[in-house]
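**Q** Structure file upload_10.cif (mmCIF, C-alpha atoms, pLDDT in the B column; chains and numbers go by the auth columns) is given on the next line.
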```
data_structure
loop_
_atom_site.group_PDB
_atom_site.id
_atom_site.type_symbol
_atom_site.label_atom_id
_atom_site.label_comp_id
_atom_site.label_asym_id
_atom_site.label_seq_id
_atom_site.Cartn_x
_atom_site.Cartn_y
_atom_site.Cartn_z
_atom_site.B_iso_or_equiv
_atom_site.auth_seq_id
_atom_site.auth_asym_id
ATOM 1 C CA MET A 1 6.741 -6.199 -33.368 60.00 445 A
ATOM 2 C CA LYS A 2 9.406 -4.004 -34.924 69.00 446 A
ATOM 3 C CA SER A 3 12.000 -6.771 -34.693 72.00 447 A
ATOM 4 C CA ILE A 4 9.637 -9.214 -36.413 71.00 448 A
ATOM 5 C CA THR A 5 9.092 -6.741 -39.242 73.00 449 A
ATOM 6 C CA VAL A 6 12.832 -6.207 -39.657 77.00 450 A
ATOM 7 C CA ILE A 7 13.476 -9.972 -39.716 76.00 451 A
ATOM 8 C CA GLY A 8 10.694 -10.404 -42.281 74.00 452 A
ATOM 9 C CA MET A 9 12.149 -7.692 -44.515 78.00 453 A
ATOM 10 C CA ILE A 10 15.643 -9.221 -44.283 81.00 454 A
ATOM 11 C CA LEU A 11 14.311 -12.679 -45.197 76.00 455 A
ATOM 12 C CA LEU A 12 12.333 -11.201 -48.090 76.00 456 A
ATOM 13 C CA ALA A 13 15.394 -9.353 -49.387 81.00 457 A
ATOM 14 C CA VAL A 14 17.553 -12.479 -49.137 80.00 458 A
ATOM 15 C CA SER A 15 14.956 -14.565 -50.954 76.00 459 A
ATOM 16 C CA ALA A 16 14.581 -11.942 -53.700 75.00 460 A
ATOM 17 C CA LEU A 17 18.363 -11.823 -54.126 80.00 461 A
ATOM 18 C CA LEU A 18 18.627 -15.606 -54.315 77.00 462 A
ATOM 19 C CA PHE A 19 15.742 -15.761 -56.789 73.00 463 A
ATOM 20 C CA TYR A 20 17.363 -13.105 -58.943 76.00 464 A
ATOM 21 C CA LEU A 21 20.695 -14.951 -58.917 78.00 465 A
ATOM 22 C CA THR A 22 19.188 -18.350 -59.805 73.00 466 A
ATOM 23 C CA THR A 23 16.867 -17.334 -62.657 68.00 467 A
ATOM 24 C CA ASP A 24 17.004 -15.062 -65.658 69.00 468 A
ATOM 25 C CA PHE A 25 13.793 -13.341 -64.476 63.00 469 A
ATOM 26 C CA THR A 26 11.416 -14.581 -67.154 66.00 470 A
ATOM 27 C CA VAL A 27 8.039 -15.974 -66.160 66.00 471 A
ATOM 28 C CA GLU A 28 8.406 -18.973 -68.453 70.00 472 A
ATOM 29 C CA ARG A 29 11.529 -20.104 -66.566 73.00 473 A
ATOM 30 C CA ILE A 30 9.823 -20.240 -63.144 72.00 474 A
ATOM 31 C CA THR A 31 9.390 -23.898 -62.194 78.00 475 A
ATOM 32 C CA ILE A 32 7.706 -25.782 -59.360 80.00 476 A
ATOM 33 C CA SER A 33 11.024 -25.776 -57.476 78.00 477 A
ATOM 34 C CA HIS A 34 10.844 -21.976 -57.321 75.00 478 A
ATOM 35 C CA VAL A 35 7.324 -22.130 -55.886 78.00 479 A
ATOM 36 C CA MET A 36 8.474 -24.709 -53.346 81.00 480 A
ATOM 37 C CA GLY A 37 11.380 -22.434 -52.404 79.00 481 A
ATOM 38 C CA VAL A 38 9.044 -19.489 -51.886 78.00 482 A
ATOM 39 C CA MET A 39 6.751 -21.605 -49.701 81.00 483 A
ATOM 40 C CA ALA A 40 9.734 -22.863 -47.699 82.00 484 A
ATOM 41 C CA GLY A 41 10.912 -19.278 -47.227 79.00 485 A
ATOM 42 C CA ILE A 42 7.496 -18.248 -45.976 80.00 486 A
ATOM 43 C CA GLY A 43 7.463 -21.195 -43.588 82.00 487 A
ATOM 44 C CA ILE A 44 10.913 -20.391 -42.227 81.00 488 A
ATOM 45 C CA GLY A 45 9.904 -16.750 -41.829 79.00 489 A
ATOM 46 C CA LEU A 46 6.805 -17.714 -39.883 79.00 490 A
ATOM 47 C CA ILE A 47 8.758 -20.064 -37.629 83.00 491 A
ATOM 48 C CA VAL A 48 11.452 -17.480 -36.897 82.00 492 A
ATOM 49 C CA GLY A 49 8.841 -14.758 -36.410 80.00 493 A
ATOM 50 C CA GLY A 50 6.869 -16.965 -34.037 82.00 494 A
ATOM 51 C CA MET A 51 9.952 -17.735 -31.955 85.00 495 A
ATOM 52 C CA VAL A 52 10.970 -14.067 -31.784 83.00 496 A
ATOM 53 C CA GLY A 53 7.414 -13.097 -30.841 83.00 497 A
ATOM 54 C CA TYR A 54 7.236 -15.759 -28.144 86.00 498 A
ATOM 55 C CA VAL A 55 10.528 -14.661 -26.607 88.00 499 A
ATOM 56 C CA SER A 56 9.697 -10.944 -26.734 85.00 500 A
ATOM 57 C CA LYS A 57 6.247 -11.501 -25.231 88.00 501 A
ATOM 58 C CA GLY A 58 7.734 -13.575 -22.404 89.00 502 A
ATOM 59 C CA THR A 59 10.299 -10.865 -21.688 89.00 503 A
ATOM 60 C CA ALA A 60 7.624 -8.166 -21.695 89.00 504 A
ATOM 61 C CA MET A 61 5.403 -10.168 -19.338 93.00 505 A
ATOM 62 C CA LYS A 62 8.286 -10.705 -16.888 94.00 506 A
ATOM 63 C CA ALA A 63 9.137 -6.999 -16.956 93.00 507 A
ATOM 64 C CA GLU A 64 5.492 -6.084 -16.311 94.00 508 A
ATOM 65 C CA ALA A 65 5.331 -8.497 -13.370 95.00 509 A
ATOM 66 C CA LYS A 66 8.462 -6.905 -11.879 96.00 510 A
ATOM 67 C CA ARG A 67 6.957 -3.420 -12.286 96.00 511 A
ATOM 68 C CA LYS A 68 3.762 -4.497 -10.532 96.00 512 A
ATOM 69 C CA GLU A 69 5.720 -6.100 -7.701 96.00 513 A
ATOM 70 C CA PHE A 70 7.833 -2.946 -7.310 96.00 514 A
ATOM 71 C CA LYS A 71 4.706 -0.744 -7.144 96.00 515 A
ATOM 72 C CA GLN A 72 3.189 -3.060 -4.543 96.00 516 A
ATOM 73 C CA LEU A 73 6.347 -2.882 -2.449 96.00 517 A
ATOM 74 C CA GLN A 74 6.326 0.926 -2.692 96.00 518 A
ATOM 75 C CA LYS A 75 2.718 1.028 -1.451 95.00 519 A
ATOM 76 C CA GLU A 76 3.558 -1.273 1.445 95.00 520 A
ATOM 77 C CA LYS A 77 6.556 0.910 2.341 95.00 521 A
ATOM 78 C CA GLU A 78 4.404 4.047 2.345 95.00 522 A
ATOM 79 C CA GLU A 79 1.831 2.345 4.582 94.00 523 A
ATOM 80 C CA LEU A 80 4.529 1.250 7.021 94.00 524 A
ATOM 81 C CA GLU A 81 5.972 4.783 7.086 93.00 525 A
ATOM 82 C CA LYS A 82 2.513 6.192 7.841 93.00 526 A
ATOM 83 C CA GLN A 83 2.044 3.682 10.641 92.00 527 A
ATOM 84 C CA THR A 84 5.423 4.542 12.186 92.00 528 A
ATOM 85 C CA LEU A 85 4.615 8.275 11.992 90.00 529 A
ATOM 86 C CA GLU A 86 1.246 7.686 13.696 89.00 530 A
ATOM 87 C CA LYS A 87 2.912 5.646 16.446 88.00 531 A
ATOM 88 C CA ALA A 88 5.580 8.331 16.903 87.00 532 A
ATOM 89 C CA LYS A 89 2.890 11.035 17.256 84.00 533 A
ATOM 90 C CA SER A 90 0.947 9.089 19.879 71.00 534 A
#
```
Would you mind writing the structure in this file as C-alpha cells?
**A**
Amino acid sequence: MKSITVIGMILLAVSALLFYLTTDFTVERITISHVMGVMAGIGIGLIVGGMVGYVSKGTAMKAEAKRKEFKQLQKEKEELEKQTLEKAKS
C-alpha cells in the first residue's frame, strides 16, 4: 500500500505542476479541457495503482505459500526425527 500511495502522490504532483505551467491560475481560465485532463489523470492513476496492487498482492500470496510449505516441511522433518529416535531406542 505504501508504494501505491507514493505513486499517487507523484502523479498528483506532476499533474499540479503541469496545470500550473499551462494556466495562469485564475478560475475563469479553467476550461473543459482542464477538467478532462484531471479526469484522465485520475483514470491513469487508478489503472497504475490497480496494476501495482495486483502485482504486490500476487507476490505476497506466493511468499505466504512458500512460508506455509516451509513450516509444513519443518514439521514433517521433526516427526521423522522423532520416529528415528524411537526406533533407535527400541
**Q** Give me, as a list in words, all polymer residues having an atom no more than 9 Å from region 475-481 of chain A, counting all atoms listed in the file and skipping those fewer than 4 positions away in the same chain.
**A**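 Selected residues are Ser459, Phe463, Val471, Gly485 and Ile486 of chain A.
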**Q** Take the PyMOL selection byres ((chain A and resi 493-510) around 10), apply it to the structure above, and return the hits as a PyMOL selection string.
**A** chain A and resi 445+447-452+487-492+511-516
**Q** To one decimal place, how far is CA of Met483 (chain A) from CA of Leu456 (chain A) in Å?
**A**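 We find that CA of Met483 (chain A) and CA of Leu456 (chain A) lie 11.9 Å from each other.
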**Q** What is the distance, in Å and to one decimal place, between CA of Gln518 (chain A) and CA of Lys531 (chain A)?
**A** 20.0 Å
**Q** Would you work out the distance separating CA of Met453 (chain A) from CA of Val482 (chain A), expressed in Å to one decimal?
**A** 14.3 Å
